[in-house]
Amino acid sequence: MKIKTKFIISLMLLIVLPAISTILITSNVLSDNLDFIDFFDSYYDIFNNFSELSYEFEDFIEPYINSPEYFLTDDFMTVVADEFSSAFIRIEVYENNQLARTTYTDKIVFNNVFEEWIYNREINLLPNEQYSLKHLHFDRLNNGPIDLKLTVDSGRLEIAYRVFERVFLLLYALFNIVILSIILSWISNPIKRSIRRLTYTTNEIRKGNLNAELEYNENDDFEGLAESIESMRQSLKRSVQKQQVLEIEKKELIANFSHDLRTPITSIRGYVQGLRDGVARTEAMQQEYLDTIAAKTDMLESLVNDLSEMAKYDQQGIQLKLQLINLRNFLFDCVDELQRDVKKAGGVLYLHYIIKDTYIYADPEKLMRVFINIIENAIKYRGTDPIEIVILANRDDDGVLINISDNGIGVPEDAIDRIFDRFYRSDKSRNLNIKGSGIGLSICREIIELHGGRMTAYSNKSKGLTLSIRIKAYKSDKVQPY
């Protein structure tokens with residue numbers, strides 16, 4: 001629940017609940033349940049029921065009105081004291097206008113120290129006054145009159161009111177404190193729990209523990225912050241993982257390029273030294289030495305170019321210039337561009353386009369780079385048989401599927417998943433007669449994925465390797481294609 005909603009509900013409760021508590025405390029609903037405070041309970045019984053008390057007293061006296069002498073007996077005083085026992089009520093019997101009997105006593109039984117403390121504190125400050133609730137007069141023939149009075153001790157009644165007042169304020173304060181505590185806990189506990197959870201996760205992230213997943217299922221104001229923290233954690237984790245991969249690749253790069261550079265440099269140095277020492281004495285031998293040096297220099301140039309290209313992609317990323325192109329025309333252009341290299345290597349390149357004209361939204365230059373890399377790999381890793389490369393284009397519900405198959409040396413099954421890794425080369429000895437640094441296919445896959453497609457590889461049943469490219473087809477053909 002949102003904090004704002006909780007505050008609105010809390011404000012309503014702080015208004016409604018104290019009002020309800022006031023009604024309950026100041027009503028007879030609670031008076032019978034508070035008889036552990038004698039003054040408090042008695043105050044209700046007397047103050048709220050004066051008329052009823054008067055009628056009860058009159059009904060009690062009714063059987064004895066024809067024998068008023070009974071009111072002067074000890075038996076009457078015992079019965080009436082039991083029937084109307086209260087610290088506030090006095091039953092007084094007057095004979096010939098003189099007080100003869102009374103139920104009044106200075107001794108009061110207190111139920112608790114609180115009552116006694118207030119009574120002793122207030123009793124001397126109040127006048128000792130009574131007022132009559134009921135006055136019954138009886139004349140006798142031979143003797144003087146008898147008067148029976150039901151009176152209320154106003155001083156003690158005032159003390160009872162003050163007890164009630166303090167009890168009310170105390171209960172009212174306690175009730176509001178309890179309600180306020182509950183409301184504050186209701187508001188603050190979820191906030192503290194959320195802050196603790198967020199603090200724990202951020203501290204773990206600060207310590208470098210990026211696996212501390214933040215599971216936050218509270219529907220409150222911190223939900224957006226929790227989502228941001230979790231997104232930050234995942235982003236940092238991906239960044240660290242990427243950095244770790246780059247560090248590994250960097251180490252592999254240094255090791256691989258050190259190995260690849262050392263061999264041609266050593267060879268060049270040897271042939272140059274041979275020319276200096278006059279080992280190549282004939283013109284034919286000198287030409288052979290120079291051709292070898294030139295070939296090794298080409299290898300070095302190829303390695304440096306690969307390194308430069310990789311650095312450029314790492315710094316700038318692959319930027320696509322997308323446009324709508326006709327896939328059939330594009331593939332025919334690819335075949336025309338690559339056919340010469342394949343023929344030069346003694347092979348043949350086939351294109352099987354078995355679908356109608358289809359359009360794709362792509363960067364033709366980058367896509368051409370993908371096909372060039374794949375065909376060059378097929379030429380480099382050819383087998384003993386003449387090279388045969390087949391490009392098959394088809395379409396299904398997911399889009400366009402392009403398979404490029406060759407009959408080369410292929411890739412071992414346990415290495416299929418690694419050929420798209422940077423710097424990976426299937427020839428473990430890193431034969432320098434096969435040019436390349438092992439980054440071509442990794443860049444190809446990245447280009448395809450930037451187009452929203454995917455690129456996979458699998459070994460052919462006979463020999464060679466098939467690289468499969470799946471890319472989305474453009475549904476509308478109402479614009480000018482490439």
# chains A, B, ... in the order shown; residues from 1 in each chain; ligands from 1
call {"tool": "select_by_dssp", "arguments": {"residues": "stretch 162-398 of chain A", "states": "strand (DSSP E)", "output": "VMD selection string"}}
result
chain A and resid 323 to 326 348 to 353 359 to 362 388 to 396
call {"tool": "select_by_dssp", "arguments": {"residues": "stretch 175-332 of chain A", "states": "alpha helix (DSSP H)", "output": "ChimeraX atom specification"}}
result
/A:175-207,223-277,283-316,327-332
call {"tool": "closest_residue", "arguments": {"among": "A:Tyr350, A:Asp333, A:Gly208, A:Ile118", "to": "A:Glu165", "atoms": "only C-alpha atoms"}}
result
A:Ile118
call {"tool": "residues_around", "arguments": {"residues": "A:Glu129", "least_positions_apart": "3", "cutoff": "7 Å", "atoms": "only C-alpha atoms", "output": "ChimeraX atom specification"}}
result
/A:153-155
